[in-house]
file start09.pdb (PDB, C-alpha atoms)
ATOM      1  CA  MET S   1      72.388 135.108 118.322
ATOM      2  CA  ALA S   2      69.158 133.077 118.362
ATOM      3  CA  SER S   3      68.774 133.696 114.608
ATOM      4  CA  GLN S   4      71.940 131.688 114.034
ATOM      5  CA  SER S   5      71.155 128.009 113.555
ATOM      6  CA  ASN S   6      72.184 126.646 116.940
ATOM      7  CA  LEU S   7      71.445 123.232 118.419
ATOM      8  CA  VAL S   8      71.902 122.432 122.120
ATOM      9  CA  LEU S   9      72.955 118.833 122.800
ATOM     10  CA  ILE S  10      73.260 117.515 126.355
ATOM     11  CA  PRO S  11      75.224 114.250 126.654
ATOM     12  CA  ALA S  12      73.845 112.140 129.508
ATOM     13  CA  ARG S  13      75.502 108.816 130.287
ATOM     14  CA  LEU S  14      73.823 106.808 133.039
ATOM     15  CA  GLY S  15      77.018 105.093 134.135
ATOM     16  CA  SER S  16      79.244 107.400 136.189
ATOM     17  CA  SER S  17      82.309 106.083 138.009
ATOM     18  CA  ARG S  18      82.054 108.439 140.984
ATOM     19  CA  LEU S  19      78.269 108.786 141.263
ATOM     20  CA  PRO S  20      76.394 106.085 139.326
ATOM     21  CA  GLY S  21      73.052 107.147 137.899
ATOM     22  CA  LYS S  22      73.644 110.776 138.833
ATOM     23  CA  VAL S  23      71.839 112.287 135.823
ATOM     24  CA  LEU S  24      68.599 110.730 137.142
ATOM     25  CA  ALA S  25      69.221 111.773 140.762
ATOM     26  CA  ASP S  26      66.220 113.593 142.220
ATOM     27  CA  ILE S  27      66.728 117.293 142.886
ATOM     28  CA  ALA S  28      63.701 119.257 144.123
ATOM     29  CA  GLY S  29      61.327 116.688 142.654
ATOM     30  CA  GLU S  30      62.877 116.292 139.202
ATOM     31  CA  PRO S  31      65.787 114.328 137.713
ATOM     32  CA  MET S  32      69.010 116.326 137.417
ATOM     33  CA  ILE S  33      69.068 115.978 133.621
ATOM     34  CA  VAL S  34      65.636 117.651 133.399
ATOM     35  CA  HIS S  35      66.908 120.657 135.372
ATOM     36  CA  VAL S  36      69.808 120.999 132.906
ATOM     37  CA  ALA S  37      67.441 120.754 129.934
ATOM     38  CA  LYS S  38      65.190 123.431 131.445
ATOM     39  CA  ARG S  39      68.130 125.811 131.937
ATOM     40  CA  ALA S  40      69.167 125.179 128.331
ATOM     41  CA  ARG S  41      65.653 125.896 127.072
ATOM     42  CA  GLU S  42      65.541 129.112 129.133
ATOM     43  CA  ALA S  43      68.743 130.237 127.390
ATOM     44  CA  GLY S  44      66.633 130.526 124.229
ATOM     45  CA  ILE S  45      69.435 129.826 121.766
ATOM     46  CA  GLY S  46      68.026 126.839 119.870
ATOM     47  CA  PRO S  47      66.359 123.423 120.159
ATOM     48  CA  VAL S  48      67.451 121.271 123.124
ATOM     49  CA  ILE S  49      68.039 117.519 122.759
ATOM     50  CA  VAL S  50      69.465 115.072 125.306
ATOM     51  CA  ALA S  51      71.864 112.471 123.862
ATOM     52  CA  THR S  52      71.933 109.351 126.019
ATOM     53  CA  ASP S  53      72.796 105.653 126.044
ATOM     54  CA  SER S  54      70.070 104.811 128.547
ATOM     55  CA  PRO S  55      66.361 104.047 127.980
ATOM     56  CA  GLU S  56      65.717 105.242 131.551
ATOM     57  CA  VAL S  57      67.218 108.658 130.799
ATOM     58  CA  GLU S  58      65.325 108.839 127.506
ATOM     59  CA  ALA S  59      62.060 108.065 129.333
ATOM     60  CA  ALA S  60      62.679 110.682 132.053
ATOM     61  CA  VAL S  61      63.558 113.358 129.501
ATOM     62  CA  THR S  62      60.595 112.717 127.208
ATOM     63  CA  ALA S  63      58.204 112.530 130.197
ATOM     64  CA  ALA S  64      59.304 116.073 131.034
ATOM     65  CA  GLY S  65      58.505 117.244 127.496
ATOM     66  CA  PHE S  66      62.017 117.298 126.040
ATOM     67  CA  ASP S  67      63.482 115.481 123.053
ATOM     68  CA  ALA S  68      66.041 112.711 123.462
ATOM     69  CA  VAL S  69      68.106 110.636 121.066
ATOM     70  CA  MET S  70      69.696 107.264 121.784
ATOM     71  CA  THR S  71      73.443 106.887 121.139
ATOM     72  CA  ARG S  72      76.000 104.126 121.510
ATOM     73  CA  SER S  73      77.146 103.198 125.018
ATOM     74  CA  ASP S  74      80.863 102.960 124.196
ATOM     75  CA  HIS S  75      81.684 106.643 123.579
ATOM     76  CA  ALA S  76      84.878 107.855 125.252
ATOM     77  CA  SER S  77      83.565 111.379 125.778
ATOM     78  CA  GLY S  78      80.560 113.661 125.635
ATOM     79  CA  SER S  79      81.828 115.281 122.442
ATOM     80  CA  ASP S  80      81.849 111.892 120.698
ATOM     81  CA  ARG S  81      78.298 111.281 121.938
ATOM     82  CA  ILE S  82      76.951 114.616 120.701
ATOM     83  CA  HIS S  83      78.654 114.123 117.341
ATOM     84  CA  GLU S  84      76.821 110.819 116.871
ATOM     85  CA  ALA S  85      73.568 112.464 117.993
ATOM     86  CA  LEU S  86      74.075 115.309 115.513
ATOM     87  CA  GLN S  87      74.317 112.865 112.603
ATOM     88  CA  THR S  88      71.029 111.295 113.708
ATOM     89  CA  VAL S  89      68.929 114.387 114.430
ATOM     90  CA  ASP S  90      70.243 116.713 111.726
ATOM     91  CA  THR S  91      70.720 114.720 108.537
ATOM     92  CA  GLU S  92      69.992 117.843 106.461
ATOM     93  CA  LYS S  93      72.771 119.817 108.227
ATOM     94  CA  LYS S  94      70.491 122.689 109.178
ATOM     95  CA  PHE S  95      72.498 123.617 112.290
ATOM     96  CA  ASP S  96      75.903 125.291 112.026
ATOM     97  CA  VAL S  97      76.684 125.562 115.751
ATOM     98  CA  VAL S  98      76.381 122.859 118.407
ATOM     99  CA  ILE S  99      76.391 123.786 122.090
ATOM    100  CA  ASN S 100      77.532 120.952 124.355
ATOM    101  CA  ILE S 101      76.233 121.283 127.934
ATOM    102  CA  GLN S 102      77.229 118.632 130.460
ATOM    103  CA  GLY S 103      74.266 116.816 131.997
ATOM    104  CA  ASP S 104      75.552 117.318 135.549
ATOM    105  CA  LEU S 105      75.239 121.139 135.755
ATOM    106  CA  PRO S 106      71.760 121.567 137.298
ATOM    107  CA  THR S 107      72.399 125.098 138.593
ATOM    108  CA  ILE S 108      73.796 126.574 135.383
ATOM    109  CA  GLU S 109      72.259 129.941 134.572
ATOM    110  CA  PRO S 110      70.764 130.626 131.127
ATOM    111  CA  HIS S 111      72.869 133.762 130.575
ATOM    112  CA  VAL S 112      76.020 131.717 131.205
ATOM    113  CA  ILE S 113      74.961 129.231 128.521
ATOM    114  CA  ARG S 114      74.316 132.078 126.062
ATOM    115  CA  ALA S 115      77.781 133.525 126.723
ATOM    116  CA  ALA S 116      79.430 130.476 125.127
ATOM    117  CA  LEU S 117      78.271 131.776 121.740
ATOM    118  CA  THR S 118      80.034 135.133 122.127
ATOM    119  CA  PRO S 119      83.455 133.849 120.959
ATOM    120  CA  LEU S 120      81.920 132.591 117.694
ATOM    121  CA  GLU S 121      81.121 136.158 116.669
ATOM    122  CA  ASN S 122      84.706 136.023 115.386
ATOM    123  CA  PRO S 123      84.608 133.881 112.204
ATOM    124  CA  GLN S 124      88.160 132.648 112.898
ATOM    125  CA  THR S 125      87.157 130.983 116.176
ATOM    126  CA  ASP S 126      86.451 127.242 115.983
ATOM    127  CA  ILE S 127      85.204 126.623 119.531
ATOM    128  CA  GLY S 128      83.775 128.894 122.226
ATOM    129  CA  THR S 129      83.962 128.091 125.928
ATOM    130  CA  LEU S 130      83.734 129.790 129.331
ATOM    131  CA  ALA S 131      85.788 130.694 132.391
ATOM    132  CA  VAL S 132      85.400 132.575 135.663
ATOM    133  CA  VAL S 133      88.009 134.531 137.636
ATOM    134  CA  ILE S 134      89.100 132.405 140.607
ATOM    135  CA  THR S 135      88.405 134.105 143.945
ATOM    136  CA  ASP S 136      88.832 131.069 146.233
ATOM    137  CA  GLU S 137      92.506 130.604 147.130
ATOM    138  CA  GLU S 138      92.070 126.829 147.484
ATOM    139  CA  GLU S 139      90.887 126.574 143.873
ATOM    140  CA  LYS S 140      94.145 128.030 142.603
ATOM    141  CA  THR S 141      96.098 124.923 143.619
ATOM    142  CA  ASN S 142      93.298 122.346 143.291
ATOM    143  CA  PRO S 143      94.084 119.948 140.403
ATOM    144  CA  ASN S 144      90.367 119.208 140.039
ATOM    145  CA  VAL S 145      89.838 122.827 138.973
ATOM    146  CA  THR S 146      90.946 123.263 135.360
ATOM    147  CA  LYS S 147      92.595 126.607 134.642
ATOM    148  CA  ALA S 148      92.187 128.399 131.319
ATOM    149  CA  VAL S 149      95.325 130.270 130.253
ATOM    150  CA  GLY S 150      94.846 132.809 127.508
ATOM    151  CA  SER S 151      95.738 136.049 125.835
ATOM    152  CA  PRO S 152      93.203 138.842 126.498
ATOM    153  CA  ILE S 153      91.133 140.074 123.553
ATOM    154  CA  SER S 154      88.819 142.324 125.585
ATOM    155  CA  ASP S 155      87.632 142.642 129.184
ATOM    156  CA  ASN S 156      85.421 139.573 128.880
ATOM    157  CA  LEU S 157      87.123 137.532 126.164
ATOM    158  CA  MET S 158      90.461 135.791 125.688
ATOM    159  CA  ARG S 159      92.082 133.480 123.184
ATOM    160  CA  ALA S 160      92.962 130.173 124.825
ATOM    161  CA  LEU S 161      96.638 129.244 124.783
ATOM    162  CA  TYR S 162      96.471 126.321 127.210
ATOM    163  CA  PHE S 163      94.330 124.513 129.769
ATOM    164  CA  THR S 164      95.897 122.911 132.825
ATOM    165  CA  ARG S 165      95.262 121.342 136.210
ATOM    166  CA  ALA S 166      98.354 123.118 137.507
ATOM    167  CA  THR S 167      98.427 126.648 138.956
ATOM    168  CA  ALA S 168      99.049 128.811 135.899
ATOM    169  CA  PRO S 169     100.097 131.258 134.683
ATOM    170  CA  PHE S 170     102.808 132.247 137.151
ATOM    171  CA  GLY S 171     103.059 135.768 138.538
ATOM    172  CA  GLU S 172     100.650 138.537 139.438
ATOM    173  CA  GLY S 173      97.216 138.618 137.866
ATOM    174  CA  PRO S 174      93.971 136.654 137.695
ATOM    175  CA  LEU S 175      93.626 132.895 137.320
ATOM    176  CA  TYR S 176      90.626 131.514 135.450
ATOM    177  CA  HIS S 177      88.456 128.515 136.370
ATOM    178  CA  HIS S 178      87.446 126.798 133.129
ATOM    179  CA  ILE S 179      83.804 125.738 132.716
ATOM    180  CA  GLY S 180      83.467 122.668 130.507
ATOM    181  CA  LEU S 181      80.713 123.970 128.241
ATOM    182  CA  TYR S 182      81.485 124.322 124.535
ATOM    183  CA  ALA S 183      79.982 125.927 121.448
ATOM    184  CA  TYR S 184      81.395 124.188 118.361
ATOM    185  CA  ARG S 185      81.090 125.214 114.764
ATOM    186  CA  ARG S 186      79.698 122.122 113.088
ATOM    187  CA  ASP S 187      82.805 121.449 110.979
ATOM    188  CA  ALA S 188      85.043 122.060 114.005
ATOM    189  CA  LEU S 189      83.188 119.386 116.001
ATOM    190  CA  SER S 190      83.587 116.900 113.150
ATOM    191  CA  ARG S 191      87.273 117.709 112.848
ATOM    192  CA  PHE S 192      87.780 117.476 116.600
ATOM    193  CA  VAL S 193      86.224 114.024 117.096
ATOM    194  CA  ALA S 194      88.205 112.664 114.111
ATOM    195  CA  LEU S 195      91.518 113.596 115.759
ATOM    196  CA  PRO S 196      93.386 111.013 117.836
ATOM    197  CA  PRO S 197      93.954 111.827 121.539
ATOM    198  CA  SER S 198      96.963 114.143 121.783
ATOM    199  CA  ALA S 199     100.043 113.964 123.992
ATOM    200  CA  LEU S 200      99.118 116.848 126.289
ATOM    201  CA  GLU S 201      95.475 115.745 126.414
ATOM    202  CA  LYS S 202      96.560 112.356 127.739
ATOM    203  CA  ARG S 203      99.003 113.924 130.204
ATOM    204  CA  GLU S 204      96.604 116.541 131.645
ATOM    205  CA  LYS S 205      93.479 114.411 131.044
ATOM    206  CA  LEU S 206      91.860 117.431 129.381
ATOM    207  CA  GLU S 207      90.153 116.728 126.059
ATOM    208  CA  GLN S 208      90.181 120.341 124.836
ATOM    209  CA  LEU S 209      93.983 120.271 124.547
ATOM    210  CA  ARG S 210      93.530 117.974 121.522
ATOM    211  CA  ALA S 211      91.962 120.884 119.659
ATOM    212  CA  LEU S 212      94.713 123.342 120.627
ATOM    213  CA  GLU S 213      97.472 120.889 119.704
ATOM    214  CA  ALA S 214      95.850 120.461 116.273
ATOM    215  CA  GLY S 215      95.953 124.227 115.717
ATOM    216  CA  MET S 216      92.264 124.840 116.286
ATOM    217  CA  ARG S 217      91.256 128.155 117.854
ATOM    218  CA  ILE S 218      89.374 128.206 121.164
ATOM    219  CA  ASP S 219      88.202 131.551 122.560
ATOM    220  CA  VAL S 220      86.998 131.913 126.138
ATOM    221  CA  ALA S 221      84.195 134.186 127.345
ATOM    222  CA  ILE S 222      84.655 135.366 130.938
ATOM    223  CA  VAL S 223      81.432 134.996 132.940
ATOM    224  CA  ASP S 224      80.444 135.791 136.513
ATOM    225  CA  SER S 225      79.566 132.430 138.094
ATOM    226  CA  VAL S 226      80.744 128.826 138.116
ATOM    227  CA  PRO S 227      77.842 126.358 137.879
ATOM    228  CA  LEU S 228      77.924 123.540 140.410
ATOM    229  CA  GLY S 229      79.108 120.346 138.736
ATOM    230  CA  VAL S 230      77.711 117.258 140.465
ATOM    231  CA  ASP S 231      80.438 114.613 140.731
ATOM    232  CA  THR S 232      80.105 113.330 144.311
ATOM    233  CA  PRO S 233      77.339 112.633 146.862
ATOM    234  CA  ALA S 234      78.356 115.848 148.646
ATOM    235  CA  ASP S 235      77.893 117.819 145.399
ATOM    236  CA  LEU S 236      74.454 116.274 144.980
ATOM    237  CA  GLU S 237      73.403 117.294 148.488
ATOM    238  CA  ARG S 238      74.663 120.818 147.843
ATOM    239  CA  ALA S 239      72.655 120.998 144.622
ATOM    240  CA  ARG S 240      69.551 119.766 146.452
ATOM    241  CA  HIS S 241      70.052 122.435 149.103
ATOM    242  CA  LEU S 242      70.587 125.214 146.555
ATOM    243  CA  MET S 243      67.592 124.254 144.422
ATOM    244  CA  SER S 244      65.145 123.621 147.264
ATOM    245  CA  ARG S 245      65.283 127.286 148.295
TER     246      ARG S 245
END
call {"tool": "encode", "arguments": {"input": "start09.pdb", "output": "structure tokens"}}
result
Amino acid sequence: MASQSNLVLIPARLGSSRLPGKVLADIAGEPMIVHVAKRAREAGIGPVIVATDSPEVEAAVTAAGFDAVMTRSDHASGSDRIHEALQTVDTEKKFDVVINIQGDLPTIEPHVIRAALTPLENPQTDIGTLAVVITDEEEKTNPNVTKAVGSPISDNLMRALYFTRATAPFGEGPLYHHIGLYAYRRDALSRFVALPPSALEKREKLEQLRALEAGMRIDVAIVDSVPLGVDTPADLERARHLMSR
């Protein structure tokens, strides 16, 4: 897949409501955003650029040898931020796929990042994303864990029908923890950010529902591990513990 023209963009906003400045938080001697950029580079799928609204983040990223691009501070979401960054860094439209990795996933594994491209092997798929089978009973009813509901295509791939904070689907069978990492076809990203927020998106507070409600196709690759997302001080301490070993 590396021969395909892929670009990895990591949106990194310094202001965070629950953990301000988290992307610059020190983990094992380096800012969190640098760990994410390193994992993305190790995935080996294309150039890695951090899209930020903060000179401090830009300075930390470039000091570590990575590229960064400044974007507006008023973006509602990471997808809006990476779309602006794409217009700046790729005026010649060389890249046909954009991988959006959240800047607060310092433990994400390179093979998990690469898996997001698998769904795009089908030319009908607009957006690829990831999920993991839920094994923790508490996660099944936790509204902070987004569930991917889909129709199986193969053992490790499904077509997304819905995403929800509720426990779904009902009945016997696996539930899937959605990982918010996306591989967009370039035109799909442009179409997505031009759409207004949808009814179900606003109700569930899940941006990807906007794409489904507009008839866009999202396929989900099933992977083996959920990366730790750092949203709270407790998450940050856990990440520091994991990455100091």
call {"tool": "resolve_selection", "arguments": {"input": "start09.pdb", "expression": "the PyMOL selection byres ((chain S and resi 22-26) around 8)", "output": "mmCIF file with C-alpha atoms, in the coordinates of the input"}}
result
data_model
loop_
_atom_site.group_PDB
_atom_site.id
_atom_site.type_symbol
_atom_site.label_atom_id
_atom_site.label_comp_id
_atom_site.auth_asym_id
_atom_site.auth_seq_id
_atom_site.Cartn_x
_atom_site.Cartn_y
_atom_site.Cartn_z
ATOM 1 C CA ALA S 12 73.845 112.140 129.508
ATOM 2 C CA ARG S 13 75.502 108.816 130.287
ATOM 3 C CA LEU S 14 73.823 106.808 133.039
ATOM 4 C CA SER S 16 79.244 107.400 136.189
ATOM 5 C CA LEU S 19 78.269 108.786 141.263
ATOM 6 C CA PRO S 20 76.394 106.085 139.326
ATOM 7 C CA GLY S 21 73.052 107.147 137.899
ATOM 8 C CA ILE S 27 66.728 117.293 142.886
ATOM 9 C CA ALA S 28 63.701 119.257 144.123
ATOM 10 C CA GLY S 29 61.327 116.688 142.654
ATOM 11 C CA GLU S 30 62.877 116.292 139.202
ATOM 12 C CA PRO S 31 65.787 114.328 137.713
ATOM 13 C CA MET S 32 69.010 116.326 137.417
ATOM 14 C CA ILE S 33 69.068 115.978 133.621
ATOM 15 C CA VAL S 57 67.218 108.658 130.799
ATOM 16 C CA ALA S 60 62.679 110.682 132.053
ATOM 17 C CA GLY S 103 74.266 116.816 131.997
ATOM 18 C CA ASP S 104 75.552 117.318 135.549
ATOM 19 C CA VAL S 230 77.711 117.258 140.465
#
call {"tool": "closest_residue", "arguments": {"input": "start09.pdb", "among": "S:Gly128, S:Ile10, S:Pro123, S:Ile113", "to": "Asp67 in chain S", "atoms": "all atoms listed in the file"}}
result
S:Ile10
call {"tool": "resolve_selection", "arguments": {"input": "start09.pdb", "expression": "the PyMOL selection byres ((chain S and resi 52) around 12)", "output": "ChimeraX atom specification"}}
result
/S:9-15,23-24,33,49-51,53-62,67-75,77-78,80-85,102-103
call {"tool": "residues_near_point", "arguments": {"input": "start09.pdb", "point": "(88.9, 138.9, 127.7)", "cutoff": "10 Å", "atoms": "only C-alpha atoms", "output": "PyMOL selection string"}}
result
chain S and resi 131+150-159+219-223
call {"tool": "write_last_selection", "arguments": {"input": "start09.pdb", "atoms": "C-alpha atoms", "output": "CSV table (one decimal), in the coordinates of the input"}}
result
chain,number,residue,atom,x,y,z
S,131,ALA,CA,85.8,130.7,132.4
S,150,GLY,CA,94.8,132.8,127.5
S,151,SER,CA,95.7,136.0,125.8
S,152,PRO,CA,93.2,138.8,126.5
S,153,ILE,CA,91.1,140.1,123.6
S,154,SER,CA,88.8,142.3,125.6
S,155,ASP,CA,87.6,142.6,129.2
S,156,ASN,CA,85.4,139.6,128.9
S,157,LEU,CA,87.1,137.5,126.2
S,158,MET,CA,90.5,135.8,125.7
S,159,ARG,CA,92.1,133.5,123.2
S,219,ASP,CA,88.2,131.6,122.6
S,220,VAL,CA,87.0,131.9,126.1
S,221,ALA,CA,84.2,134.2,127.3
S,222,ILE,CA,84.7,135.4,130.9
S,223,VAL,CA,81.4,135.0,132.9
call {"tool": "atom_distance", "arguments": {"input": "start09.pdb", "atom1": "CA of Val8 in chain S", "atom2": "CA of Val48 in chain S"}}
result
4.7 Å
call {"tool": "resolve_selection", "arguments": {"input": "start09.pdb", "expression": "the PyMOL selection byres ((chain S and resi 137) around 12)", "output": "ChimeraX atom specification"}}
result
/S:133-136,138-142,145,167,174-177
call {"tool": "atom_distance", "arguments": {"input": "start09.pdb", "atom1": "CA of Asp90 in chain S", "atom2": "CA of Val193 in chain S"}}
result
17.1 Å
call {"tool": "closest_residue", "arguments": {"input": "start09.pdb", "among": "S:Val36, S:Ala76, S:Met243, S:Ile218", "to": "Thr118 in chain S", "atoms": "only C-alpha atoms"}}
result
S:Ile218
call {"tool": "atom_distance", "arguments": {"input": "start09.pdb", "atom1": "CA of Ala194 in chain S", "atom2": "CA of Arg41 in chain S"}}
result
29.2 Å
call {"tool": "closest_residue", "arguments": {"input": "start09.pdb", "among": "S:Arg217, S:Arg210, S:Lys147, S:Arg238", "to": "Leu195 in chain S", "atoms": "all atoms listed in the file"}}
result
S:Arg210
call {"tool": "closest_residue", "arguments": {"input": "start09.pdb", "among": "S:Pro196, S:Gly229, S:Pro119, S:Gly65", "to": "Ile101 in chain S", "atoms": "all atoms listed in the file"}}
result
S:Gly229
call {"tool": "closest_residue", "arguments": {"input": "start09.pdb", "among": "S:Ala166, S:Asp96, S:Ala37, S:Asn122", "to": "Arg203 in chain S", "atoms": "all atoms listed in the file"}}
result
S:Ala166
call {"tool": "closest_residue", "arguments": {"input": "start09.pdb", "among": "S:Lys94, S:His111, S:Lys202, S:Arg240", "to": "Arg39 in chain S", "atoms": "only C-alpha atoms"}}
result
S:His111
